[in-house]
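Asks: Just dropping this structure here.
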Number of protein chains: 4
Amino acid sequence: MNGKYAVELSNVGSYCDRYMTDGYNDDYSVDQLFERVASVEHVSGVELVGNWHVSEKNIDSVKGHLKSTGLEMVSIIPDHFASRHWGKGSFASTDKEIRRLAIDETKLMMDFVVELGGDMITLWPGQDGYDYIFTSDYLQERDWLGEGIEECCRYRKDVKISIEYKLKEPRMRCYITNVGTAMLLVQEVNEPNCGITLDFGHSLAALENPAEVVAILKKYGDKLFHVHVNDNYGLWDDDMITGMVHPHEYIEFLYWLKRTGYDGWFSFDQYTYREDGREALQEGVYWLDKMISVANEISDEKVNELFASGRAVDVSKMLRDIVFK
Amino acid sequence: MNGKYAVELSNVGSYCDRYMTDGYNDDYSVDQLFERVASVEHVSGVELVGNWHVSEKNIDSVKGHLKSTGLEMVSIIPDHFASRHWGKGSFASTDKEIRRLAIDETKLMMDFVVELGGDMITLWPGQDGYDYIFTSDYLQERDWLGEGIEECCRYRKDVKISIEYKLKEPRMRCYITNVGTAMLLVQEVNEPNCGITLDFGHSLAALENPAEVVAILKKYGDKLFHVHVNDNYGLWDDDMITGMVHPHEYIEFLYWLKRTGYDGWFSFDQYTYREDGREALQEGVYWLDKMISVANEISDEKVNELFASGRAVDVSKMLRDIVFK
Amino acid sequence: MNGKYAVELSNVGSYCDRYMTDGYNDDYSVDQLFERVASVEHVSGVELVGNWHVSEKNIDSVKGHLKSTGLEMVSIIPDHFASRHWGKGSFASTDKEIRRLAIDETKLMMDFVVELGGDMITLWPGQDGYDYIFTSDYLQERDWLGEGIEECCRYRKDVKISIEYKLKEPRMRCYITNVGTAMLLVQEVNEPNCGITLDFGHSLAALENPAEVVAILKKYGDKLFHVHVNDNYGLWDDDMITGMVHPHEYIEFLYWLKRTGYDGWFSFDQYTYREDGREALQEGVYWLDKMISVANEISDEKVNELFASGRAVDVSKMLRDIVFK
Amino acid sequence: MNGKYAVELSNVGSYCDRYMTDGYNDDYSVDQLFERVASVEHVSGVELVGNWHVSEKNIDSVKGHLKSTGLEMVSIIPDHFASRHWGKGSFASTDKEIRRLAIDETKLMMDFVVELGGDMITLWPGQDGYDYIFTSDYLQERDWLGEGIEECCRYRKDVKISIEYKLKEPRMRCYITNVGTAMLLVQEVNEPNCGITLDFGHSLAALENPAEVVAILKKYGDKLFHVHVNDNYGLWDDDMITGMVHPHEYIEFLYWLKRTGYDGWFSFDQYTYREDGREALQEGVYWLDKMISVANEISDEKVNELFASGRAVDVSKMLRDIVFK
């Protein structure tokens, strides 16, 4: 497996949180963000966020940046979470106009991504969910969510709609929480261009094992379209430098990607609040690159033996051999 | 909604844990367990565990107990977790003989439950999963799990197979973790007699909101077959007295059961290690009974208004009115 | 126990998060925030955040607001977390100048709070901690933290320094995580005006039971100086409407406050992103008020009986009687 | 730092859980357990559990085993959790007789450990705590706990009493939960022979970073007496093979042990339910041994540089260099 590395453009920018509202560092312009990414070794693609990085106003400029940096257009994440009108939902909003807006925004970004040379939308409906019990009609809102995404999928069959799940944040409870509820939605939409973005950290925070998720997505229709990488402490989307906390889980994850023939991108989605984002990205890339090499060294024959015996002590021995040469 | 209350027979017995291996109290015989349940107000059904309570050796005796106590046979949980041969899996075991045994045991219990006047199996494959990375072929083992359950479903269409999901314990990672992965399995099996047992506490420990799970099960084919009740602190299957920790979530859960027309059993699945199980069961029944009354008082009209506004402050007001009259 | 209710001024304002950086609602001026608080029934005090609400520039204006609204000055939370220079720490920063600034800022706010009629500082060193292993000298930085706070305590004995602990956020790992590490710090500082602010939600997210924390603070020197109220789902500082998720834990918590003679403030610290903050505050106040009434009805005699028997079933019965009269 | 490895004798035996009550494997006699430990490379000490492994009846036999195997007597863990009379508490029981029994049992084991050539008791009051709110007088019971341990410490100054903390299990809420509450107890007891056993997995499950705990124990009186090793997934005491899940945290932990001059034992406390305990122990030993080598290679100079810069990217680079040579 050869890693193709991309990055969501904000990774190399400044970050804020609910207290540090002006950000931990100075802002960078989109121009500067492109330049910063271009300077990172091994990164060859970018993922853009609607409104933050790409809109009707600057699409020509973005095209220029892609050309001048040689970076590939991997995916656009339409803004369904960062503008005030999305505050109480997008596709699943109780407001019909908002639901329409969510669909229209997605279609626009589908057109844009093609215009920019890409073929994928990462759909993250982070505001679709609820905070308190009894505030939401789960049946009706899930229906709206499915119908909206279905309409987008049918709009252009040449663009993949890759749904990213997350347990919580910004909503206290999001609708598309884990691989199970995400796959139920994909099956409901039932369009070949509808699949899933697996964010390693979201998977951990949903108490999943990402390697197992890869297998599940293979089993139920080969629906892994895209991968986001980062790391965390297991209970929250800390968006740390890739590989710093869960190296073993990463190796198994990467092995399973190889085993199941994944040939898509690895897109960095780190939020390294107090680090320089460019340096942190470079570190993440080096980690991932090394871990992919390790995963590549693990043969299917060896693993099949482990699966046959099911002995954790044999796995333990293999991991020791791999990690501390 | 009228509550029909049942209990898994062990609830009124003695409990052990990995340290207190001889149990926190003296053991009770199956005869005594039946008598204890019969003395609990409002409980009219029992759920039995294979080998623990029912087997080829004592089925006549069990029949006698049901008759003498007037308790209804609600469900049998085949033993797929408590005998040593299940230690590394049942339906998903790498050992073909074990997989066969898991199916045969299930079929036997399907016959038994009918003989005892019931029509449902609660299938809890708690040992199907893994502890360590790289020990299990998730694809193959999930296939086996699905195939085994499918064979059972086809064996007798007059018996429901209701799958109970749980994130972890006894396996550190179980395969059927939450409503999403459970429903994927149900859709894979694709038999009308295949559905899901929702254990309130398992749902909490999987970081779900049980009321939302009720809606999801309605949406994807009306697949809620059975309900287990208990409570916990949110991170582990503490199996506490029903209603003691999450009264508000319970009220929303019960309201959604009413809204979606659930007419099945509420089966208690408490493990009150240091309490008298019979007394703890009685308390759980009183809690549930009261909470069902509360849920019954909540009108769909009122709730539809809340859904339309989405205002948590209105929910807050309603809950205060309900809880502290 | 009579509840005295205060509120951190931002509660009635607009909130942002790391995605919705411009806020879920329009901003309110400090003038407007005061007016909004003044319109909430039963609230008689305010807690201010340095820089956000009070600084050298506007102290006279704040004094005017206090006078015109009749609100009592309860506490100032100096800004040690929201200005960029605190990004990598305040009292425990590796930068000597920053550490000096943290102390000076605190002393200034000590003077201000007295000038405004109060006598307490809530110290929340949320940026003192670390994100990654191997980045911080835990020994040295904890020493600095203790020394800085000690210097502040000695600066004015007439002002209480009440330390607020929190497990994580904004730092992925904060230094003052729970009642234990907070009390170790208080004992290290060893000044009578050094104590602890117990935030109900922080306590839950640290996997504590807040009622037990009240007892611990009583036991180790009567060090509970201040209380923050809100609620959450148990794994994160969701800052929800008080009482909506953990009513039973709240009742025990309030009972223990009564039992141990707490006579301080209940200061609301909610972050109701998608609600109107004023309405959400009012709801929280009504919940707390009702729950205090319930706690007041629970007699020490009754509770002592429960403690003597240790029977959960008796507690269960009492709670049912209390909650659903 | 040279690792001295010991093991709690049950590690090489059979394990049970609340479902698999007869154990995942055949039982081993104490004789066999000693033999099995003796066959494990690099292990030179044993930790025994009262009643399970050592009692008045078999002390001579144990002495013989120690002599014949050459294993050193490291510590005894008195049984305060596995016999039925401890079901609702030991030192903090509301029953005066039980409290007396807890003290007497501890003193007996203090004598035994000396007789067997050791000088340390690991005190794990796992049943001292509570399951439900309102069942326990936290003030009174914590007082009893402190007084009981103090009496034991004073009984023989030549024997260390090393308290092991744990957040939950077997009690749903234990009293001595984390390093903070444990150190408050140690300070309350205030005897030089009273200190703390840090169990790596308990620390993780209490949401701590074990390396930071080492620093805290150094800071507050050099109170780290003993170390237990194992690993888990972060939310429960899974007691997995040491190093399999958190290798990076382990390296930092071991580095801090070196930095602070720890010269005690590393005692394995694994519960490898479905593995052969002896093989799993051997694997754990190899992991730990390798990780200690790695920690030994990390110089204080290098780390001091990292502490001065606080740059996670520099840590990231160092870890990559260490892990994947």
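Going through the structure tokens in order, the chains are called A, B, and so on, while each chain numbers its residues from 1 and the ligands are numbered from 1 in the order shown.
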For chain C, report every residue with an atom at most 6 Å from chain D (counting only C-alpha atoms), formatted as a PyMOL selection string.
Replies: chain C and resi 135-137+139+180-181+215+306-307+310
Asks: Keeping only C-alpha atoms, write those residues as a PDB file, in the first residue's frame.
Replies:
ATOM      1  CA  THR C 135       6.478  18.093  27.009  1.00  0.00           C
ATOM      2  CA  SER C 136       6.242  19.139  30.648  1.00  0.00           C
ATOM      3  CA  ASP C 137       8.266  18.875  33.814  1.00  0.00           C
ATOM      4  CA  LEU C 139       7.439  18.496  39.217  1.00  0.00           C
ATOM      5  CA  GLY C 180      -7.676  15.006  45.301  1.00  0.00           C
ATOM      6  CA  THR C 181      -5.091  16.911  43.322  1.00  0.00           C
ATOM      7  CA  ALA C 215     -17.712  15.335  52.278  1.00  0.00           C
ATOM      8  CA  LEU C 306     -29.918   4.743  55.530  1.00  0.00           C
ATOM      9  CA  PHE C 307     -26.237   5.013  56.362  1.00  0.00           C
ATOM     10  CA  GLY C 310     -26.482   0.651  53.835  1.00  0.00           C
TER      11      GLY C 310
END
Asks: If you measure from atom CA of B:Gln270 to atom CA of B:Glu105, what distance in Å do you get, rounded to one decimal?
Replies: 24.7 Å
Asks: Using DSSP on the backbone, list every residue of stretch 40-88 of chain D that comes out as strand (DSSP E or B), and give them as a PyMOL selection string.
Replies: chain D and resi 43-50+54+72-77
Asks: Taking only C-alpha atoms into account, name the residue in D:Gln127, D:Asn58, D:Thr272, D:Ser14 that is nearest to D:Cys174.
Replies: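 Counting only C-alpha atoms, the residue closest to D:Cys174 is D:Gln127.
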Asks: Between atom CA of D:Tyr24 and atom CA of B:Ile149, measure the distance and give it in Å to one decimal.
Replies: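 Result for atom CA of D:Tyr24 versus atom CA of B:Ile149: 24.6 Å, one decimal.
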Asks: Residues near B:Arg156, anyone? I mean within 9 Å using only C-alpha atoms, not counting same-chain ones fewer than 3 positions away, as a PDB file with C-alpha atoms, in the first residue's frame.
Replies:
ATOM      1  CA  LYS B 107     -32.054 -24.645  18.201  1.00  0.00           C
ATOM      2  CA  MET B 110     -35.890 -22.666  20.492  1.00  0.00           C
ATOM      3  CA  ASP B 111     -37.638 -25.972  20.899  1.00  0.00           C
ATOM      4  CA  CYS B 152     -31.174 -20.545  13.674  1.00  0.00           C
ATOM      5  CA  CYS B 153     -33.758 -18.102  12.360  1.00  0.00           C
ATOM      6  CA  VAL B 159     -39.600 -18.421  17.323  1.00  0.00           C
ATOM      7  CA  LYS B 160     -38.141 -14.928  17.368  1.00  0.00           C
ATOM      8  CA  ASN B 193     -38.048 -13.498  13.048  1.00  0.00           C
TER       9      ASN B 193
END
Asks: Measure the distance from atom CA of C:Ser61 to atom CA of C:Ala280 in Å and round it to one decimal.
Replies: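 Going from atom CA of C:Ser61 over to atom CA of C:Ala280, I get 26.3 Å.
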Asks: Could you name the residues that touch C:Asp31 at 9 Å or less, counting only C-alpha atoms, but leaving out those on the same chain fewer than 4 positions away, as a tab-separated table (two decimals) with N, CA, C and O atoms, in the first residue's frame?
Replies:
chain	number	residue	atom	x	y	z
C	35	GLU	N	-28.15	43.61	32.41
C	35	GLU	CA	-29.61	43.76	32.34
C	35	GLU	C	-30.31	42.42	32.24
C	35	GLU	O	-31.35	42.19	32.87
C	36	ARG	N	-29.75	41.56	31.42
C	36	ARG	CA	-30.36	40.24	31.23
C	36	ARG	C	-30.35	39.45	32.54
C	36	ARG	O	-31.35	38.83	32.92
C	61	SER	N	-17.72	51.47	35.32
C	61	SER	CA	-18.97	51.11	34.68
C	61	SER	C	-19.57	49.87	35.34
C	61	SER	O	-20.78	49.80	35.60
C	62	VAL	N	-18.74	48.90	35.65
C	62	VAL	CA	-19.21	47.68	36.32
C	62	VAL	C	-19.80	48.04	37.68
C	62	VAL	O	-20.86	47.52	38.08
C	65	HIS	N	-23.18	49.21	37.20
C	65	HIS	CA	-24.15	48.15	36.90
C	65	HIS	C	-24.55	47.41	38.17
C	65	HIS	O	-25.72	47.07	38.35
Asks: Show which residues sit within 12 Å of stretch 3-5 of chain B, as JSON, numbers by chain. Count only C-alpha atoms, and ignore same-chain residues fewer than 5 positions away.
Replies: {"B": [37, 38, 40, 41, 42, 43, 44, 45, 46, 47, 71, 72, 73, 74, 226, 227, 228, 229, 254, 257, 258, 262, 263, 264, 265, 266, 267, 268, 269, 281, 282, 284, 285, 286, 287, 288, 289, 290, 291, 292, 293, 295, 296]}
Asks: When you look at B:Asp27 with a cut-off of 10 Å (counting only C-alpha atoms), what residues show up, excluding the ones that are within fewer than 3 positions of it in the same chain? I need them as JSON, numbers by chain.
Replies: {"B": [13, 14, 15, 22, 23, 24, 30, 32, 33]}
